[in-house]
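Asks: If it helps, the file is called query-v5.cif and holds mmCIF, C-alpha atoms and all ligand atoms:
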```
data_model
#
loop_
_atom_site.label_atom_id
_atom_site.label_comp_id
_atom_site.auth_asym_id
_atom_site.auth_seq_id
_atom_site.Cartn_x
_atom_site.Cartn_y
_atom_site.Cartn_z
CA MET Z 1 9.86 2.04 19.54
CA GLU Z 2 9.81 -1.43 18.03
CA PHE Z 3 9.95 -1.64 14.25
CA VAL Z 4 7.83 -4.53 13.07
CA HIS Z 5 7.66 -4.29 9.29
CA VAL Z 6 9.92 -6.48 7.15
CA SER Z 7 10.45 -4.92 3.71
CA VAL Z 8 9.53 -7.28 0.89
CA MET Z 9 11.76 -8.21 -2.05
CA PRO Z 10 14.51 -5.84 -0.86
CA GLU Z 11 17.25 -7.02 -3.25
CA GLU Z 12 14.91 -7.11 -6.23
CA VAL Z 13 13.60 -3.59 -5.54
CA ILE Z 14 16.94 -1.87 -5.18
CA SER Z 15 18.44 -3.69 -8.17
CA TRP Z 16 16.13 -1.61 -10.43
CA ALA Z 17 17.24 1.71 -8.94
CA PRO Z 18 20.04 3.34 -10.99
CA GLN Z 19 23.07 3.68 -8.71
CA ASP Z 20 23.82 7.13 -10.11
CA ALA Z 21 20.24 8.33 -9.45
CA ARG Z 22 19.93 11.96 -8.43
CA LEU Z 23 16.33 11.87 -7.22
CA ILE Z 24 14.49 8.92 -5.73
CA VAL Z 25 10.91 8.87 -4.49
CA ASP Z 26 9.52 6.32 -2.06
CA GLY Z 27 5.76 6.80 -2.44
CA THR Z 28 4.92 4.54 0.53
CA ALA Z 29 7.54 5.15 3.23
CA GLY Z 30 6.00 2.96 5.96
CA GLU Z 31 8.82 2.19 8.40
CA ALA Z 32 11.38 3.44 5.86
CA GLY Z 33 12.82 -0.01 5.17
CA HIS Z 34 13.04 0.41 1.41
CA THR Z 35 13.83 4.10 1.85
CA LEU Z 36 16.97 3.25 3.78
CA LEU Z 37 18.06 0.58 1.32
CA LEU Z 38 17.61 3.01 -1.56
CA ALA Z 39 19.50 5.75 0.29
CA ARG Z 40 22.44 3.38 0.77
CA ARG Z 41 22.43 2.08 -2.80
CA CYS Z 42 22.27 5.53 -4.36
CA PRO Z 43 24.66 7.67 -2.30
CA ASN Z 44 24.23 10.81 -4.42
CA ALA Z 45 20.46 10.80 -4.58
CA ARG Z 46 18.14 13.18 -2.83
CA ILE Z 47 15.23 11.14 -1.49
CA LEU Z 48 11.59 12.11 -1.03
CA ALA Z 49 9.47 9.70 1.02
CA PHE Z 50 5.66 10.00 1.19
CA ASP Z 51 3.07 8.41 3.45
CA ARG Z 52 -0.61 9.18 3.96
CA ASP Z 53 -0.36 8.09 7.57
CA PRO Z 54 1.33 10.63 9.89
CA GLU Z 55 1.99 7.88 12.46
CA MET Z 56 4.01 5.96 9.86
CA LEU Z 57 5.97 9.09 8.99
CA GLU Z 58 6.90 9.42 12.66
CA ARG Z 59 8.11 5.82 12.68
CA ALA Z 60 10.06 6.45 9.47
CA ARG Z 61 11.64 9.57 11.02
CA LYS Z 62 12.80 7.55 14.05
CA LYS Z 63 14.22 4.71 11.92
CA LEU Z 64 16.07 7.11 9.62
CA GLY Z 65 17.42 8.97 12.68
CA LEU Z 66 18.75 5.75 14.22
CA ALA Z 67 20.53 5.01 10.94
CA GLY Z 68 21.96 8.55 10.77
CA MET Z 69 20.12 9.09 7.48
CA GLU Z 70 17.64 11.78 8.49
CA ASN Z 71 19.41 14.41 6.39
CA ARG Z 72 19.26 12.33 3.23
CA VAL Z 73 15.47 11.96 3.22
CA GLU Z 74 12.67 14.50 3.07
CA LEU Z 75 9.53 13.00 4.64
CA ILE Z 76 6.26 14.28 3.20
CA ARG Z 77 2.76 13.67 4.51
CA GLY Z 78 0.56 12.98 1.53
CA SER Z 79 -0.67 10.48 -0.99
CA PHE Z 80 1.61 9.12 -3.70
CA GLY Z 81 -0.78 10.79 -6.15
CA GLU Z 82 0.71 14.11 -4.98
CA ILE Z 83 4.25 13.23 -6.08
CA PRO Z 84 4.05 15.31 -9.32
CA GLU Z 85 3.45 18.41 -7.16
CA HIS Z 86 6.95 17.86 -5.75
CA THR Z 87 8.97 16.56 -8.69
CA ARG Z 88 8.95 15.79 -12.41
CA GLU Z 89 12.55 14.58 -12.35
CA ALA Z 90 12.50 11.29 -10.44
CA ASP Z 91 15.00 8.64 -11.53
CA PHE Z 92 13.20 5.98 -9.51
CA ILE Z 93 9.76 5.83 -7.87
CA LEU Z 94 8.71 2.96 -5.60
CA LEU Z 95 5.19 2.09 -4.48
CA ASP Z 96 4.94 -0.75 -1.93
CA LEU Z 97 1.17 -0.88 -1.75
CA GLY Z 98 -1.24 -1.56 1.10
CA VAL Z 99 -0.59 -1.25 4.81
CA SER Z 100 2.38 -2.08 7.00
CA MET Z 101 2.78 -4.71 9.71
CA HIS Z 102 2.48 -1.93 12.28
CA HIS Z 103 -1.08 -1.31 11.12
CA PHE Z 104 -1.99 -4.91 11.92
CA ARG Z 105 -0.01 -5.24 15.13
CA GLY Z 106 0.15 -1.94 16.91
CA ALA Z 107 -1.81 0.88 15.31
CA GLY Z 108 -4.99 0.23 17.37
CA ARG Z 109 -7.27 1.15 14.48
CA GLY Z 110 -9.12 -2.12 13.97
CA PHE Z 111 -7.07 -3.57 11.09
CA SER Z 112 -6.95 -6.93 12.91
CA TYR Z 113 -9.41 -8.83 15.11
CA THR Z 114 -8.93 -7.00 18.38
CA ASP Z 115 -11.01 -4.87 20.75
CA ASP Z 116 -10.00 -1.71 18.90
CA SER Z 117 -12.80 0.37 17.45
CA LEU Z 118 -13.29 -0.07 13.71
CA ASP Z 119 -11.43 2.87 12.23
CA MET Z 120 -9.03 1.66 9.50
CA ARG Z 121 -8.26 5.15 8.19
CA LEU Z 122 -4.67 5.62 7.05
CA ASP Z 123 -5.16 9.37 6.87
CA PRO Z 124 -6.88 10.57 10.08
CA ASP Z 125 -8.46 13.45 8.13
CA LEU Z 126 -10.59 11.09 6.04
CA GLU Z 127 -14.26 11.51 6.94
CA LYS Z 128 -15.57 7.95 7.04
CA THR Z 129 -14.27 5.22 9.33
CA ALA Z 130 -14.83 1.50 8.86
CA ALA Z 131 -17.46 1.71 11.66
CA ASP Z 132 -19.36 4.37 9.68
CA ILE Z 133 -19.43 2.08 6.66
CA ILE Z 134 -20.39 -1.05 8.62
CA ASN Z 135 -23.11 0.66 10.68
CA HIS Z 136 -24.65 3.00 8.09
CA SER Z 137 -24.38 1.36 4.66
CA SER Z 138 -27.28 -0.56 3.15
CA GLU Z 139 -27.09 -4.35 3.08
CA LYS Z 140 -26.70 -4.15 -0.70
CA ASP Z 141 -23.76 -1.73 -0.49
CA LEU Z 142 -22.01 -3.86 2.14
CA LYS Z 143 -22.43 -6.91 -0.06
CA LEU Z 144 -20.92 -5.03 -3.00
CA ILE Z 145 -17.94 -3.86 -0.92
CA PHE Z 146 -17.20 -7.42 0.27
CA GLN Z 147 -17.65 -8.80 -3.26
CA ASN Z 148 -15.74 -6.15 -5.17
CA TYR Z 149 -12.88 -5.47 -2.77
CA GLY Z 150 -12.64 -8.82 -0.97
CA GLU Z 151 -13.82 -11.26 -3.67
CA GLU Z 152 -15.80 -12.83 -0.80
CA ARG Z 153 -18.07 -15.72 -1.84
CA PHE Z 154 -20.36 -15.30 1.16
CA ALA Z 155 -20.65 -11.51 0.83
CA GLY Z 156 -24.48 -11.59 0.90
CA ARG Z 157 -24.69 -13.75 4.02
CA ILE Z 158 -22.13 -11.65 5.85
CA ALA Z 159 -23.83 -8.36 4.88
CA ARG Z 160 -27.20 -9.69 6.11
CA ALA Z 161 -25.75 -10.83 9.43
CA ILE Z 162 -24.07 -7.45 9.98
CA VAL Z 163 -27.27 -5.52 9.30
CA GLN Z 164 -29.16 -7.74 11.75
CA LYS Z 165 -26.57 -7.37 14.51
CA ARG Z 166 -25.43 -3.77 14.24
CA PRO Z 167 -24.34 -1.46 15.74
CA VAL Z 168 -20.95 -3.15 15.51
CA ARG Z 169 -18.40 -1.45 17.75
CA THR Z 170 -15.11 -3.33 17.64
CA ALA Z 171 -13.05 -5.26 15.13
CA ARG Z 172 -13.46 -8.37 17.28
CA ASP Z 173 -17.28 -8.00 17.18
CA LEU Z 174 -17.17 -7.77 13.39
CA SER Z 175 -14.95 -10.82 13.09
CA SER Z 176 -17.34 -12.81 15.37
CA ILE Z 177 -20.28 -11.90 13.13
CA ILE Z 178 -18.32 -13.02 10.07
CA LEU Z 179 -17.25 -16.27 11.78
CA GLY Z 180 -20.89 -16.99 12.58
CA SER Z 181 -22.06 -16.54 9.00
CA VAL Z 182 -19.56 -18.51 6.87
CA PRO Z 183 -18.59 -22.21 6.84
CA ARG Z 184 -16.03 -23.10 9.51
CA SER Z 185 -13.65 -24.91 7.20
CA ARG Z 186 -11.86 -21.76 6.09
CA SER Z 187 -8.72 -20.72 7.91
CA HIS Z 188 -9.33 -16.98 8.39
CA PRO Z 189 -12.92 -16.28 7.42
CA ALA Z 190 -12.67 -12.56 8.23
CA THR Z 191 -9.56 -11.79 6.15
CA ARG Z 192 -11.37 -10.93 2.94
CA VAL Z 193 -13.98 -8.73 4.59
CA PHE Z 194 -11.34 -6.83 6.57
CA GLN Z 195 -9.33 -6.31 3.37
CA ALA Z 196 -12.48 -5.10 1.59
CA LEU Z 197 -13.32 -2.62 4.34
CA ARG Z 198 -9.78 -1.24 4.44
CA ILE Z 199 -9.84 -0.75 0.68
CA ALA Z 200 -13.23 0.99 0.88
CA VAL Z 201 -12.27 3.29 3.77
CA ASN Z 202 -9.06 4.45 2.08
CA ASP Z 203 -10.21 4.19 -1.55
CA GLU Z 204 -7.03 2.20 -2.07
CA LEU Z 205 -7.79 1.00 -5.60
CA GLY Z 206 -8.93 4.44 -6.76
CA GLU Z 207 -5.70 5.93 -5.36
CA ILE Z 208 -3.59 3.56 -7.49
CA GLU Z 209 -5.68 3.99 -10.63
CA ARG Z 210 -5.54 7.78 -10.46
CA ALA Z 211 -1.88 7.92 -9.45
CA LEU Z 212 -0.23 5.78 -12.16
CA PRO Z 213 -0.59 8.29 -15.03
CA LEU Z 214 0.52 11.09 -12.71
CA LEU Z 215 3.57 9.15 -11.60
CA ALA Z 216 4.60 8.56 -15.19
CA ARG Z 217 4.79 12.35 -15.50
CA SER Z 218 6.98 12.58 -12.40
CA LEU Z 219 9.70 10.43 -13.96
CA ALA Z 220 12.78 11.90 -15.59
CA PRO Z 221 13.54 10.51 -19.07
CA GLY Z 222 14.92 7.00 -18.44
CA GLY Z 223 13.39 7.01 -14.92
CA ARG Z 224 11.76 3.87 -13.53
CA LEU Z 225 8.54 3.17 -11.67
CA ALA Z 226 8.45 0.01 -9.50
CA VAL Z 227 5.20 -1.16 -7.92
CA ILE Z 228 4.72 -3.99 -5.42
CA SER Z 229 1.13 -5.24 -5.10
CA PHE Z 230 -0.24 -7.76 -2.62
CA HIS Z 231 -3.48 -9.08 -4.09
CA SER Z 232 -4.99 -9.70 -7.48
CA LEU Z 233 -7.20 -6.58 -7.42
CA GLU Z 234 -4.16 -4.35 -6.99
CA ASP Z 235 -2.00 -6.29 -9.41
CA ARG Z 236 -4.64 -6.14 -12.16
CA ILE Z 237 -4.83 -2.34 -11.87
CA VAL Z 238 -1.04 -2.02 -11.89
CA LYS Z 239 -0.62 -4.38 -14.87
CA HIS Z 240 -3.24 -2.61 -17.03
CA GLY Z 241 -2.38 0.85 -15.72
CA LEU Z 242 1.31 0.51 -16.67
CA ARG Z 243 0.44 -0.91 -20.10
CA ALA Z 244 -1.81 2.06 -20.83
CA LEU Z 245 1.03 4.51 -20.27
CA ASP Z 246 3.83 5.62 -22.53
CA LEU Z 247 6.29 3.46 -20.59
CA LYS Z 248 8.42 0.47 -21.46
CA ILE Z 249 7.49 -2.54 -19.34
CA LEU Z 250 10.71 -4.05 -17.93
CA THR Z 251 9.09 -7.04 -16.18
CA LYS Z 252 7.09 -9.07 -18.72
CA LYS Z 253 5.82 -11.19 -15.85
CA PRO Z 254 5.69 -9.79 -12.34
CA LEU Z 255 8.61 -10.79 -10.11
CA GLU Z 256 7.79 -12.85 -7.02
CA PRO Z 257 9.64 -13.32 -3.74
CA THR Z 258 11.96 -16.33 -3.50
CA GLU Z 259 10.90 -19.39 -1.50
CA GLU Z 260 13.56 -18.45 1.01
CA GLU Z 261 12.03 -14.99 1.51
CA VAL Z 262 8.52 -16.43 1.89
CA ARG Z 263 9.83 -18.86 4.53
CA ALA Z 264 11.47 -16.04 6.46
CA ASN Z 265 8.62 -13.55 5.96
CA PRO Z 266 5.30 -15.28 5.17
CA ALA Z 267 3.64 -11.87 4.68
CA SER Z 268 5.69 -11.52 1.48
CA ARG Z 269 4.10 -14.56 -0.22
CA SER Z 270 1.59 -12.64 -2.33
CA ALA Z 271 3.97 -9.79 -3.31
CA ARG Z 272 4.29 -9.09 -7.05
CA LEU Z 273 6.77 -6.55 -8.40
CA ARG Z 274 6.27 -4.79 -11.74
CA VAL Z 275 8.71 -2.24 -13.17
CA ALA Z 276 8.34 0.18 -16.09
CA GLU Z 277 10.67 2.77 -17.58
CA LYS Z 278 10.06 6.13 -19.20
CA PRO Z 279 11.74 6.25 -22.62
CA ALA Z 280 14.88 8.37 -22.54
CA ASP Z 281 13.75 10.53 -25.47
CA ASN Z 282 10.28 11.18 -24.10
CA ALA Z 283 11.02 14.41 -22.33
CA GLY Z 284 8.27 16.55 -23.83
CA GLU Z 285 5.21 15.20 -22.07
CA GLY Z 286 2.65 17.84 -21.15
CA PRO Z 287 1.74 19.00 -17.66
C1 LIG C 301 3.58 -1.88 2.77
S1 LIG C 301 3.77 -0.40 3.66
C2 LIG C 301 5.34 0.21 3.12
C3 LIG C 301 6.50 -0.41 3.84
C4 LIG C 301 7.85 0.17 3.47
N1 LIG C 301 8.16 -0.02 2.08
C5 LIG C 301 8.97 -0.39 4.34
O1 LIG C 301 9.86 -1.07 3.81
O2 LIG C 301 8.96 -0.13 5.56
C6 LIG C 301 2.69 0.69 2.82
C7 LIG C 301 2.65 2.10 3.38
O3 LIG C 301 2.00 2.91 2.40
C8 LIG C 301 1.17 3.84 3.05
N2 LIG C 301 0.14 4.19 2.05
C9 LIG C 301 -0.94 3.49 1.65
N3 LIG C 301 -1.60 4.13 0.68
C10 LIG C 301 -0.91 5.26 0.43
C11 LIG C 301 -1.08 6.35 -0.49
N4 LIG C 301 -2.10 6.40 -1.35
N5 LIG C 301 -0.16 7.35 -0.48
C12 LIG C 301 0.90 7.32 0.38
N6 LIG C 301 1.09 6.32 1.28
C13 LIG C 301 0.20 5.31 1.31
C14 LIG C 301 0.65 3.12 4.28
O4 LIG C 301 0.29 4.05 5.28
C15 LIG C 301 1.87 2.27 4.67
O5 LIG C 301 2.65 2.93 5.62
#
```
Any chance you could put this one into structure tokens?
Replies:
Amino acid sequence: MEFVHVSVMPEEVISWAPQDARLIVDGTAGEAGHTLLLARRCPNARILAFDRDPEMLERARKKLGLAGMENRVELIRGSFGEIPEHTREADFILLDLGVSMHHFRGAGRGFSYTDDSLDMRLDPDLEKTAADIINHSSEKDLKLIFQNYGEERFAGRIARAIVQKRPVRTARDLSSIILGSVPRSRSHPATRVFQALRIAVNDELGEIERALPLLARSLAPGGRLAVISFHSLEDRIVKHGLRALDLKILTKKPLEPTEEEVRANPASRSARLRVAEKPADNAGEGP
């Protein structure tokens, strides 16, 4: 098995984790990159690592096994919104939002412009695939998805072209339709629409919005919540969501990757890290 994901802002992330932590939660295990770093930094911590995608959990299991760390980490299939069902005593919770490099390169679910069918579900038990949305939504709803989740200027033109040409079977077919309906000057005309579809299929923004208040309850007094977002829609929700909670914001401005990191891992360029802390005397929050 080849591991393809490069963890973003690794030093920055672990520097916020208390070295004497007893319980750490990685809400988005992916290929367990951050999980492993956290396990090494905090030798006495028990670690819970969640992922919605069972394929990613399998990859995480293999990576942890190779590092001899399988006994330190409990892998849990589920959304990060379910963390409070497992603990209310976390000293550190990490969310590294979105999808992993494996989803783009090897998952075969239509996240990139290949001949894979348009699926895009992270959790295989979700009912609707990207193909269901593309082939059965009204033109108006498609336009709204591309506008709201992709901030796509040509949302209307793209939605019209899709409705005229459907059924759309593969990710490559969808990207050809998009290429044919927007000006050529742009570098990757399909990026925004693919992002929008992924967000719609997995309700990614709703997941974050609902989870933040729940995660605040999962923290021990003095515990920290660190969230890495990758686009402005996510970052806006994280910024406002954290402010609305009874937490102390530790990063007035979000932290960004260094130029050196962006050179080595271009996928990190849009990463933004925000960290908040639960006040030490705020132990009496309700259920
Ligand atoms: C950017 S990757 C994490 C990479 C990981 N930090 C690493 O270093 O390998 C995001 C992961 O979060 C998972 N994910 C997305 N939304 C989720 C949710 N609501 N709950 C749990 N996992 C989720 C995805 O399946 C993906 O594996």
Asks: Kindly indicate which residue among Z:Asn265, Z:Ser137, Z:Asn71, Z:Ser100 lies nearest to ligand LIG 301 (chain C), using all atoms listed in the file for the distances.
Replies: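 Ranked by minimum distance to ligand LIG 301 (chain C), first place goes to Z:Ser100.
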Asks: If you count only C-alpha atoms and all ligand atoms, which residues end up within 6 Å of ligand LIG 301 (chain C), as a count of residues only?
Replies: 25
Asks: With distances taken over all atoms listed in the file, which residue among Z:Ala267, Z:Ile76, Z:Ile14, Z:Ile249 lies nearest Phe92 (chain Z)?
Replies: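 Distance minimum relative to Phe92 (chain Z) lands on Z:Ile14.
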Asks: List as a VMD selection string the protein and nucleic acid residues near region 272-277 of chain Z, meaning an atom at most 6 Å away when only C-alpha atoms are counted, but skip any in the same chain fewer than 6 places from it.
Replies: chain Z and resid 223 to 229 247 to 251 254 to 256
Asks: Could you tell me how far CA of Leu95 (chain Z) sits from CA of Arg198 (chain Z), in Å to one decimal place?
Replies: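 Separating CA of Arg198 (chain Z) from CA of Leu95 (chain Z) is a distance of 17.7 Å.
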Asks: Could you make a table, as JSON lines, of the residues of region 9-74 of chain Z that have an atom within 9 Å of an atom of region 81-90 of chain Z, each with its nearest atom pair and distance in Å to one decimal, counting only C-alpha atoms, in chain and number order?
Replies:
```
{"residue": "Z:Ala21", "atom": "CA", "partner": "Z:Ala90", "partner_atom": "CA", "distance": 8.3}
{"residue": "Z:Arg22", "atom": "CA", "partner": "Z:Ala90", "partner_atom": "CA", "distance": 7.7}
{"residue": "Z:Leu23", "atom": "CA", "partner": "Z:Ala90", "partner_atom": "CA", "distance": 5.0}
{"residue": "Z:Ile24", "atom": "CA", "partner": "Z:Ala90", "partner_atom": "CA", "distance": 5.6}
{"residue": "Z:Val25", "atom": "CA", "partner": "Z:Ala90", "partner_atom": "CA", "distance": 6.6}
{"residue": "Z:Gly27", "atom": "CA", "partner": "Z:Ile83", "partner_atom": "CA", "distance": 7.5}
{"residue": "Z:Leu48", "atom": "CA", "partner": "Z:His86", "partner_atom": "CA", "distance": 8.8}
{"residue": "Z:Phe50", "atom": "CA", "partner": "Z:Ile83", "partner_atom": "CA", "distance": 8.1}
```
Asks: Give as a PyMOL selection string every residue, naming chains and numbers as the document does, that has an atom within 6 Å of (14.8, 5.9, -22.1), counting all atoms listed in the file.
Replies: chain Z and resi 221-222+278-281
Asks: When you draw a straight line from CA of Ser138 (chain Z) to CA of Glu204 (chain Z), how long is it in Å?
Replies: 21.1 Å
Asks: Identify, on the basis of only C-alpha atoms, every residue whose closest approach to Thr170 (chain Z) does not exceed 12 Å; exclude the query and any residue fewer than 2 positions from it along the same chain; express the result as a ChimeraX atom specification.
Replies: /Z:108-120,129-132,134-135,166-168,172-177
